[in-house]
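Containing compact mmCIF, C-alpha atoms: entry.txt.
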# COMPACT_ATOMS: atom_id res chain seq x y z
CA MET A 1 144.07 88.72 154.53
CA ALA A 2 142.54 91.96 153.27
CA ALA A 3 143.52 91.09 149.69
CA GLY A 4 141.84 87.69 150.06
CA LEU A 5 138.67 89.29 151.38
CA VAL A 6 138.63 91.76 148.49
CA ALA A 7 139.10 88.90 146.02
CA LEU A 8 136.25 86.97 147.65
CA LEU A 9 133.97 90.01 147.46
CA ASP A 10 134.91 90.45 143.79
CA ASP A 11 134.00 86.80 143.14
CA ILE A 12 130.66 87.24 144.94
CA ALA A 13 129.93 90.39 142.93
CA ALA A 14 130.76 88.57 139.69
CA LEU A 15 128.48 85.67 140.64
CA ALA A 16 125.70 88.11 141.53
CA LYS A 17 126.04 89.82 138.16
CA LEU A 18 126.00 86.43 136.41
CA ALA A 19 122.90 85.37 138.37
CA ALA A 20 121.16 88.66 137.56
CA ALA A 21 122.00 88.28 133.90
CA SER A 22 120.69 84.70 133.96
CA LEU A 23 117.47 85.83 135.61
CA ASP A 24 117.08 88.59 133.02
CA ASP A 25 117.69 86.03 130.27
CA VAL A 26 115.10 83.64 131.73
CA ALA A 27 112.57 86.43 132.27
CA GLY A 28 113.03 87.71 128.73
CA ALA A 29 112.81 84.21 127.27
CA ALA A 30 109.69 83.43 129.31
CA GLY A 31 108.04 86.69 128.24
CA ARG A 32 108.72 86.04 124.54
CA ALA A 33 107.58 82.42 124.85
CA SER A 34 104.34 83.49 126.55
CA ALA A 35 103.64 86.06 123.83
CA LYS A 36 104.13 83.40 121.13
CA ALA A 37 101.53 81.18 122.81
CA ALA A 38 98.97 83.99 123.26
CA GLY A 39 96.58 82.62 120.62
CA VAL A 40 96.24 79.25 122.33
CA VAL A 41 95.92 80.97 125.72
CA ILE A 42 92.86 82.83 124.44
CA ASP A 43 91.38 79.54 123.24
CA ASP A 44 92.09 77.90 126.60
CA THR A 45 90.27 80.74 128.37
CA ALA A 46 87.27 80.37 126.06
CA VAL A 47 87.08 76.58 126.35
CA THR A 48 87.16 76.26 130.15
CA PRO A 49 83.97 78.10 131.29
CA ARG A 50 81.73 75.57 129.55
CA TYR A 51 82.79 72.94 132.08
CA VAL A 52 81.00 74.78 134.92
CA VAL A 53 77.86 75.77 133.00
CA GLY A 54 74.84 74.10 134.60
CA LEU A 55 76.62 73.15 137.82
CA SER A 56 75.96 74.58 141.27
CA PRO A 57 77.22 78.19 141.56
CA ALA A 58 78.69 77.32 144.96
CA ARG A 59 80.96 74.76 143.27
CA GLU A 60 82.16 76.95 140.39
CA LEU A 61 85.33 78.29 142.03
CA PRO A 62 86.30 74.93 143.61
CA ILE A 63 85.87 73.27 140.22
CA ILE A 64 87.98 75.92 138.51
CA GLY A 65 90.58 75.47 141.24
CA LYS A 66 90.70 71.70 140.59
CA ILE A 67 91.03 72.28 136.84
CA ALA A 68 93.79 74.86 137.41
CA LEU A 69 95.75 72.43 139.60
CA GLY A 70 95.27 69.73 136.97
CA SER A 71 96.46 72.13 134.29
CA LEU A 72 99.56 73.04 136.28
CA ARG A 73 100.26 69.35 136.85
CA ASN A 74 99.86 68.72 133.11
CA LYS A 75 102.41 71.42 132.30
CA LEU A 76 105.01 70.90 135.03
CA VAL A 77 104.88 67.16 135.72
CA PHE A 78 104.14 65.73 132.27
CA LEU A 79 104.66 68.24 129.48
CA LEU A 80 107.77 70.13 130.61
CA PRO A 81 109.97 67.03 131.09
CA ALA A 82 108.51 65.42 127.96
CA ALA A 83 109.17 68.57 125.91
CA LEU A 84 112.80 68.79 127.06
CA ILE A 85 113.41 65.06 126.50
CA LEU A 86 111.81 65.06 123.05
CA SER A 87 113.63 68.25 122.08
CA ALA A 88 116.96 66.71 123.09
CA PHE A 89 116.55 63.13 121.87
CA ALA A 90 113.57 62.82 119.52
CA PRO A 91 112.60 66.19 118.05
CA TRP A 92 111.05 64.38 115.08
CA ALA A 93 108.31 62.99 117.39
CA ILE A 94 107.00 66.36 118.58
CA THR A 95 104.96 67.17 115.47
CA PRO A 96 103.20 63.76 115.19
CA ILE A 97 102.32 63.89 118.89
CA LEU A 98 100.92 67.40 118.53
CA MET A 99 98.93 66.31 115.46
CA ALA A 100 97.41 63.43 117.44
CA GLY A 101 96.42 65.89 120.15
CA GLY A 102 95.01 68.24 117.52
CA ALA A 103 92.92 65.42 116.09
CA PHE A 104 91.52 64.76 119.57
CA LEU A 105 90.52 68.42 119.90
CA CYS A 106 88.85 68.26 116.49
CA PHE A 107 86.94 65.15 117.57
CA GLU A 108 85.77 66.85 120.79
CA GLY A 109 84.59 69.90 118.86
CA ALA A 110 82.82 67.84 116.20
CA GLU A 111 81.05 65.78 118.89
CA LYS A 112 79.72 68.95 120.51
CA ILE A 113 78.39 70.19 117.18
CA VAL A 114 76.69 66.86 116.45
CA GLU A 115 75.05 67.02 119.87
CA ALA A 116 73.95 70.63 119.33
CA LEU A 117 72.37 69.66 116.00
CA GLY A 118 70.30 66.98 117.72
CA GLY A 119 72.48 63.96 117.27
CA ALA A 120 72.76 61.25 119.89
CA LYS A 121 74.72 62.30 122.94
CA HIS A 122 76.97 59.41 123.75
CA ASP A 123 77.15 60.25 127.46
CA ASP A 124 73.51 61.13 128.16
CA ALA A 125 72.79 57.97 130.14
CA ALA A 126 75.91 58.35 132.24
CA VAL A 127 75.13 62.00 133.00
CA ALA A 128 71.55 61.17 133.94
CA ALA A 129 72.73 58.48 136.33
CA ALA A 130 75.48 60.51 137.88
CA ASP A 131 75.03 62.33 141.16
CA ALA A 132 76.43 65.84 141.67
CA LYS A 133 79.83 64.56 142.85
CA GLN A 134 80.18 62.16 139.92
CA LEU A 135 79.13 64.85 137.46
CA GLU A 136 81.64 67.30 138.93
CA ASP A 137 84.41 64.69 138.73
CA ARG A 138 83.48 63.99 135.10
CA GLN A 139 83.56 67.68 134.21
CA VAL A 140 86.90 68.22 135.92
CA ALA A 141 88.41 65.13 134.26
CA GLY A 142 87.12 66.25 130.86
CA ALA A 143 88.48 69.77 131.35
CA ILE A 144 91.91 68.51 132.42
CA ARG A 145 92.00 66.10 129.47
CA THR A 146 91.22 68.91 127.03
CA ASP A 147 93.67 71.20 128.84
CA LEU A 148 96.41 68.63 128.30
CA ILE A 149 96.14 69.12 124.54
CA LEU A 150 95.96 72.91 124.74
CA SER A 151 98.81 72.98 127.26
CA ALA A 152 100.90 70.76 125.01
CA GLU A 153 100.45 73.26 122.20
CA ILE A 154 101.34 76.15 124.53
CA MET A 155 104.48 74.40 125.76
CA ALA A 156 105.50 73.37 122.24
CA ILE A 157 105.15 76.94 120.95
CA ALA A 158 107.06 78.24 123.97
CA LEU A 159 109.79 75.63 123.48
CA ALA A 160 110.18 76.58 119.82
CA SER A 161 110.87 80.18 120.83
CA LEU A 162 113.61 78.96 123.20
CA ALA A 163 115.56 77.00 120.60
CA GLY A 164 119.32 77.28 120.98
CA ARG A 165 119.27 78.29 124.64
CA PRO A 166 120.86 76.18 127.40
CA ILE A 167 118.61 73.42 128.66
CA VAL A 168 118.52 74.91 132.17
CA THR A 169 117.30 78.22 130.75
CA GLN A 170 114.71 76.36 128.68
CA ALA A 171 113.47 74.41 131.71
CA ILE A 172 113.19 77.45 133.99
CA ALA A 173 111.58 79.59 131.28
CA LEU A 174 109.04 76.86 130.49
CA ALA A 175 108.22 76.52 134.19
CA VAL A 176 107.68 80.29 134.43
CA VAL A 177 105.48 80.19 131.33
CA ALA A 178 103.48 77.27 132.76
CA VAL A 179 102.79 78.98 136.08
CA ALA A 180 102.11 82.43 134.59
CA ILE A 181 99.77 81.19 131.86
CA THR A 182 97.88 78.86 134.20
CA ALA A 183 97.37 81.66 136.73
CA GLY A 184 96.31 84.08 134.01
CA VAL A 185 93.90 81.72 132.25
CA TYR A 186 92.15 80.34 135.31
CA GLY A 187 92.14 83.69 137.09
CA ALA A 188 90.31 85.13 134.08
CA VAL A 189 87.95 82.15 133.98
CA ALA A 190 87.16 82.56 137.70
CA VAL A 191 86.28 86.22 137.14
CA ILE A 192 84.12 85.34 134.12
CA VAL A 193 82.05 82.66 135.83
CA LYS A 194 81.54 84.73 139.00
CA MET A 195 80.68 87.92 137.16
CA ASP A 196 76.98 87.40 137.88
CA ASP A 197 77.75 87.30 141.63
CA ILE A 198 79.77 90.48 141.23
CA GLY A 199 76.80 92.03 139.42
CA LEU A 200 74.44 90.96 142.19
CA ALA A 201 76.69 92.56 144.80
CA LEU A 202 76.83 95.78 142.78
CA ALA A 203 73.05 95.78 142.37
CA ARG A 204 72.70 95.82 146.16
CA ARG A 205 75.05 98.74 146.65
CA PRO A 206 73.79 102.34 146.88
CA GLY A 207 73.89 104.46 143.74
CA ALA A 208 71.68 104.27 140.68
CA MET A 209 74.57 103.83 138.22
CA THR A 210 76.20 101.10 140.31
CA GLN A 211 72.91 99.23 140.59
CA ARG A 212 72.28 99.59 136.87
CA ILE A 213 75.70 98.13 136.06
CA GLY A 214 75.10 95.29 138.51
CA ARG A 215 71.71 94.41 137.02
CA GLY A 216 73.24 94.56 133.55
CA LEU A 217 75.95 92.08 134.53
CA VAL A 218 73.42 89.70 136.09
CA THR A 219 71.26 89.84 132.97
CA ALA A 220 74.16 89.51 130.54
CA MET A 221 76.18 86.71 132.13
CA PRO A 222 73.98 83.72 131.14
CA VAL A 223 74.23 84.91 127.54
CA VAL A 224 77.97 85.50 127.87
CA LEU A 225 78.58 82.04 129.36
CA SER A 226 76.49 80.41 126.64
CA LEU A 227 78.40 82.39 124.01
CA LEU A 228 81.74 81.39 125.57
CA SER A 229 80.64 77.76 125.46
CA HIS A 230 80.11 78.08 121.70
CA ILE A 231 83.38 79.98 121.31
CA GLY A 232 85.09 77.18 123.21
CA VAL A 233 83.84 74.59 120.71
CA ALA A 234 84.95 76.80 117.81
CA ALA A 235 88.33 77.23 119.52
CA MET A 236 88.76 73.46 119.75
CA LEU A 237 88.19 73.15 116.02
CA TRP A 238 90.41 76.12 115.20
CA VAL A 239 93.34 75.07 117.39
CA GLY A 240 93.05 71.40 116.43
CA GLY A 241 92.74 72.23 112.74
CA GLN A 242 95.65 74.66 112.93
CA ILE A 243 97.86 72.02 114.58
CA ILE A 244 97.00 69.55 111.82
CA VAL A 245 97.54 72.12 109.05
CA HIS A 246 100.94 73.08 110.49
CA GLY A 247 101.83 69.41 110.87
CA LEU A 248 100.99 68.69 107.24
CA GLU A 249 103.12 71.66 106.22
CA HIS A 250 105.98 70.34 108.38
CA PHE A 251 105.83 67.03 106.48
CA HIS A 252 105.61 68.89 103.15
CA LEU A 253 102.07 67.66 102.48
CA THR A 254 101.37 71.08 101.06
CA PRO A 255 98.00 71.20 99.22
CA LEU A 256 95.84 71.98 102.27
CA PRO A 257 98.39 74.18 104.11
CA GLY A 258 99.06 75.99 100.82
CA TRP A 259 95.36 76.76 100.29
CA VAL A 260 94.98 78.04 103.85
CA HIS A 261 98.14 80.13 103.60
CA HIS A 262 97.27 81.69 100.23
CA ALA A 263 93.70 82.45 101.32
CA GLY A 264 95.00 84.08 104.49
CA GLU A 265 97.53 86.15 102.56
CA ALA A 266 94.86 87.26 100.08
CA ALA A 267 92.56 88.32 102.93
CA ARG A 268 95.45 90.11 104.62
CA GLY A 269 96.09 92.06 101.43
CA MET A 270 92.44 93.15 101.22
CA ALA A 271 91.46 93.55 104.88
CA GLY A 272 94.73 93.79 106.81
CA GLY A 273 96.12 91.53 109.51
CA VAL A 274 92.79 90.96 111.23
CA GLY A 275 91.17 89.83 107.98
CA GLY A 276 94.04 87.46 107.27
CA TRP A 277 93.84 86.01 110.77
CA LEU A 278 90.07 85.52 110.54
CA VAL A 279 90.27 83.72 107.20
CA THR A 280 93.14 81.51 108.37
CA ALA A 281 91.30 80.68 111.60
CA PHE A 282 88.06 79.95 109.75
CA LEU A 283 89.71 77.64 107.22
CA SER A 284 91.66 75.89 110.00
CA ALA A 285 88.37 75.35 111.86
CA ILE A 286 86.77 73.91 108.72
CA ALA A 287 89.71 71.53 108.35
CA GLY A 288 89.34 70.63 112.04
CA LEU A 289 85.62 70.00 111.63
CA ILE A 290 86.26 67.67 108.69
CA VAL A 291 88.93 65.72 110.58
CA GLY A 292 86.86 65.61 113.78
CA GLY A 293 83.74 64.59 111.88
CA MET A 294 85.58 61.73 110.21
CA ILE A 295 86.94 60.47 113.55
CA ALA A 296 83.52 60.81 115.21
CA GLY A 297 81.86 58.96 112.31
CA VAL A 298 84.32 56.07 112.52
CA LEU A 299 83.93 55.79 116.31
CA HIS A 300 80.12 55.87 116.11
CA LEU A 301 80.23 53.16 113.45
CA VAL A 302 82.46 51.01 115.68
CA ARG A 303 80.07 51.51 118.62
CA ARG A 304 77.07 50.42 116.55
CA ARG A 305 78.85 47.27 115.46
CA HIS A 306 79.66 46.39 119.05
Represent the supplied structure as structure tokens.
Amino acid sequence: MAAGLVALLDDIAALAKLAAASLDDVAGAAGRASAKAAGVVIDDTAVTPRYVVGLSPARELPIIGKIALGSLRNKLVFLLPAALILSAFAPWAITPILMAGGAFLCFEGAEKIVEALGGAKHDDAAVAAADAKQLEDRQVAGAIRTDLILSAEIMAIALASLAGRPIVTQAIALAVVAVAITAGVYGAVAVIVKMDDIGLALARRPGAMTQRIGRGLVTAMPVVLSLLSHIGVAAMLWVGGQIIVHGLEHFHLTPLPGWVHHAGEAARGMAGGVGGWLVTAFLSAIAGLIVGGMIAGVLHLVRRRH
């Protein structure tokens, strides 16, 4: 009886050690996967604030909450199962799908630039006719649609760093990455868009320095939000262009990827890692602008003919 109890306790201890090791493995895998996707996370953070610019301040946090829930749904309900299925049964399809998503990002970025330069805004009439609820729904839907592409890139990068691991470890690690990145991105976005309210609260508190900081935040935030909106457009072009460049390299269509790579390496040799990254990002954005401009031009031509 005692021997059986000791054996049972030994089995429980062994299972506990195995579970702890599995948790450590998942945590380590999730941490490495998140780090690999850091570049796209930064872009996601820059893109999102533009969807609440111009809307009622009272609706900013609810809108961000809706976008965050949509982002989490994108990652957990659609992208995680799709990534595991494609990885197991059709790994060849991952790159073309990502390239299609990258082309959509390029198109979105090119459209915003055309509008900023005074071109026709294809949704002006709809926006003018929409009430506040309709406009909010449009903004949320647009943000979630764009997030789907960025989230797909995040999940694909994370999945690539988990190659060779058991599928259960991959699934749990991807779920951890999805939740952690979504919380981090939209938590940061919430702080950014409410920074003017934080500044206003500080400006009302006692203390000259506190009030000065508060007034500075209130004054700076419209500029910061406008700047983030522009950075978000640039991020769309950079991420979309980078996806396309990497896809062309994957299919051994090397002229464009080779030019970008060699230019980045040359800049890295002269100005270090930051210089190399900047040149690579700039050239990827130029490639994205060209692709997005071509798609936008074709779509505008089709609209005119119909």
- request: Could you please determine the separation between atom CA of A:Val47 and atom CA of A:Leu150 in Å, to one decimal place?
  value: 9.7 Å
Counting all atoms listed in the file, what are the residues of stretch 102-184 of chain A within 12 Å of stretch 60-82 of chain A, and for each of them which pair of atoms is the nearest and at what distance in Å, to one decimal? Sort the table by chain and rising number, as a tab-separated table.
residue	atom	partner	partner_atom	distance
A:Lys133	CA	A:Ile63	CA	10.9
A:Leu135	CA	A:Ile63	CA	11.1
A:Glu136	CA	A:Ile63	CA	7.4
A:Asp137	CA	A:Ile63	CA	8.8
A:Arg138	CA	A:Ile63	CA	10.9
A:Gln139	CA	A:Ile63	CA	8.5
A:Val140	CA	A:Ile67	CA	5.9
A:Ala141	CA	A:Ile67	CA	8.0
A:Gly142	CA	A:Ile67	CA	9.3
A:Ala143	CA	A:Ile67	CA	6.6
A:Ile144	CA	A:Gly70	CA	5.8
A:Arg145	CA	A:Ser71	CA	8.9
A:Thr146	CA	A:Ser71	CA	9.5
A:Asp147	CA	A:Ser71	CA	6.2
A:Leu148	CA	A:Asn74	CA	5.9
A:Ile149	CA	A:Asn74	CA	9.4
A:Leu150	CA	A:Ser71	CA	9.6
A:Ser151	CA	A:Lys75	CA	6.4
A:Ala152	CA	A:Leu79	CA	6.4
A:Glu153	CA	A:Leu79	CA	9.8
A:Ile154	CA	A:Lys75	CA	9.2
A:Met155	CA	A:Leu79	CA	7.2
A:Ala156	CA	A:Leu79	CA	8.9
A:Ala158	CA	A:Leu80	CA	10.5
A:Leu159	CA	A:Leu80	CA	9.2
A:Ile167	CA	A:Pro81	CA	11.0
A:Val168	CA	A:Pro81	CA	11.7
A:Gln170	CA	A:Leu80	CA	9.5
A:Ala171	CA	A:Leu80	CA	7.2
A:Ile172	CA	A:Leu80	CA	9.7
A:Ala173	CA	A:Leu80	CA	10.2
A:Leu174	CA	A:Leu80	CA	6.8
A:Ala175	CA	A:Leu76	CA	6.5
A:Val176	CA	A:Leu76	CA	9.8
A:Val177	CA	A:Lys75	CA	9.3
A:Ala178	CA	A:Lys75	CA	6.0
A:Val179	CA	A:Leu72	CA	6.8
A:Ala180	CA	A:Leu72	CA	9.9
A:Ile181	CA	A:Leu72	CA	9.3
A:Thr182	CA	A:Leu72	CA	6.4
A:Ala183	CA	A:Ala68	CA	7.7
A:Gly184	CA	A:Ala68	CA	10.1
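One finds atom CA of A:Pro57 at 13.3 Å from atom CA of A:Val218.
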Quick one: contact table of stretch 79-126 of chain A to stretch 251-268 of chain A, 12 Å max, nearest atom pair and distance in Å to one decimal per residue, counting only C-alpha atoms, chain and number order, as JSON lines?
{"residue": "A:Trp92", "atom": "CA", "partner": "A:Phe251", "partner_atom": "CA", "distance": 10.4}
{"residue": "A:Ala93", "atom": "CA", "partner": "A:Phe251", "partner_atom": "CA", "distance": 11.9}
{"residue": "A:Thr95", "atom": "CA", "partner": "A:Phe251", "partner_atom": "CA", "distance": 9.0}
{"residue": "A:Pro96", "atom": "CA", "partner": "A:Phe251", "partner_atom": "CA", "distance": 9.7}
{"residue": "A:Met99", "atom": "CA", "partner": "A:Phe251", "partner_atom": "CA", "distance": 11.3}
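Atom CA of A:Ile157 sits 25.3 Å away from atom CA of A:Tyr51.
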Coordinates of box centre and edge lengths for stretch 266-284 of chain A, 6 Å on every side, axis-aligned, as JSON:
{"center_x": 92.1, "center_y": 84.8, "center_z": 105.8, "size_x": 20.1, "size_y": 29.9, "size_z": 23.5}
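Using all atoms listed in the file, the shortest contact distance between A:Val245 and any of A:Gly118, A:Ser284, A:Pro206, A:Ala90 is found at A:Ser284.
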Contacts of A:Ile192 at 10 Å (only C-alpha atoms; same-chain gap of 4+ positions) as JSON, numbers by chain: {"A": [45, 46, 49, 186, 187, 188, 196, 198, 221, 224, 225, 228]}
Take the selection from the previous step and output its residues with C-alpha atoms, as a PDB file, in the frame of the given file.
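For reference, part18.pdb as written:
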ATOM      1  CA  THR A  45      90.270  80.740 128.370  1.00  0.00           C
ATOM      2  CA  ALA A  46      87.270  80.370 126.060  1.00  0.00           C
ATOM      3  CA  PRO A  49      83.970  78.100 131.290  1.00  0.00           C
ATOM      4  CA  TYR A 186      92.150  80.340 135.310  1.00  0.00           C
ATOM      5  CA  GLY A 187      92.140  83.690 137.090  1.00  0.00           C
ATOM      6  CA  ALA A 188      90.310  85.130 134.080  1.00  0.00           C
ATOM      7  CA  ASP A 196      76.980  87.400 137.880  1.00  0.00           C
ATOM      8  CA  ILE A 198      79.770  90.480 141.230  1.00  0.00           C
ATOM      9  CA  MET A 221      76.180  86.710 132.130  1.00  0.00           C
ATOM     10  CA  VAL A 224      77.970  85.500 127.870  1.00  0.00           C
ATOM     11  CA  LEU A 225      78.580  82.040 129.360  1.00  0.00           C
ATOM     12  CA  LEU A 228      81.740  81.390 125.570  1.00  0.00           C
TER      13      LEU A 228
END
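Of the residues under consideration (A:Leu299, A:Ala190, A:Leu227, A:Gly269), A:Ala190 shows the shortest atom-to-atom contact distance to A:Arg59 when counting all atoms listed in the file.
Distance annotation: of A:Leu237, A:Glu115, A:Arg205, A:Thr210, the residue with the minimal separation from A:Phe282 is A:Leu237; atom set is all atoms listed in the file.
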field: Neighbours of point (110.7, 70.0, 120.4) within 7 Å, using only C-alpha atoms, written as number ranges by chain
entry: A: 83, 86-87, 91, 94, 156, 159-160
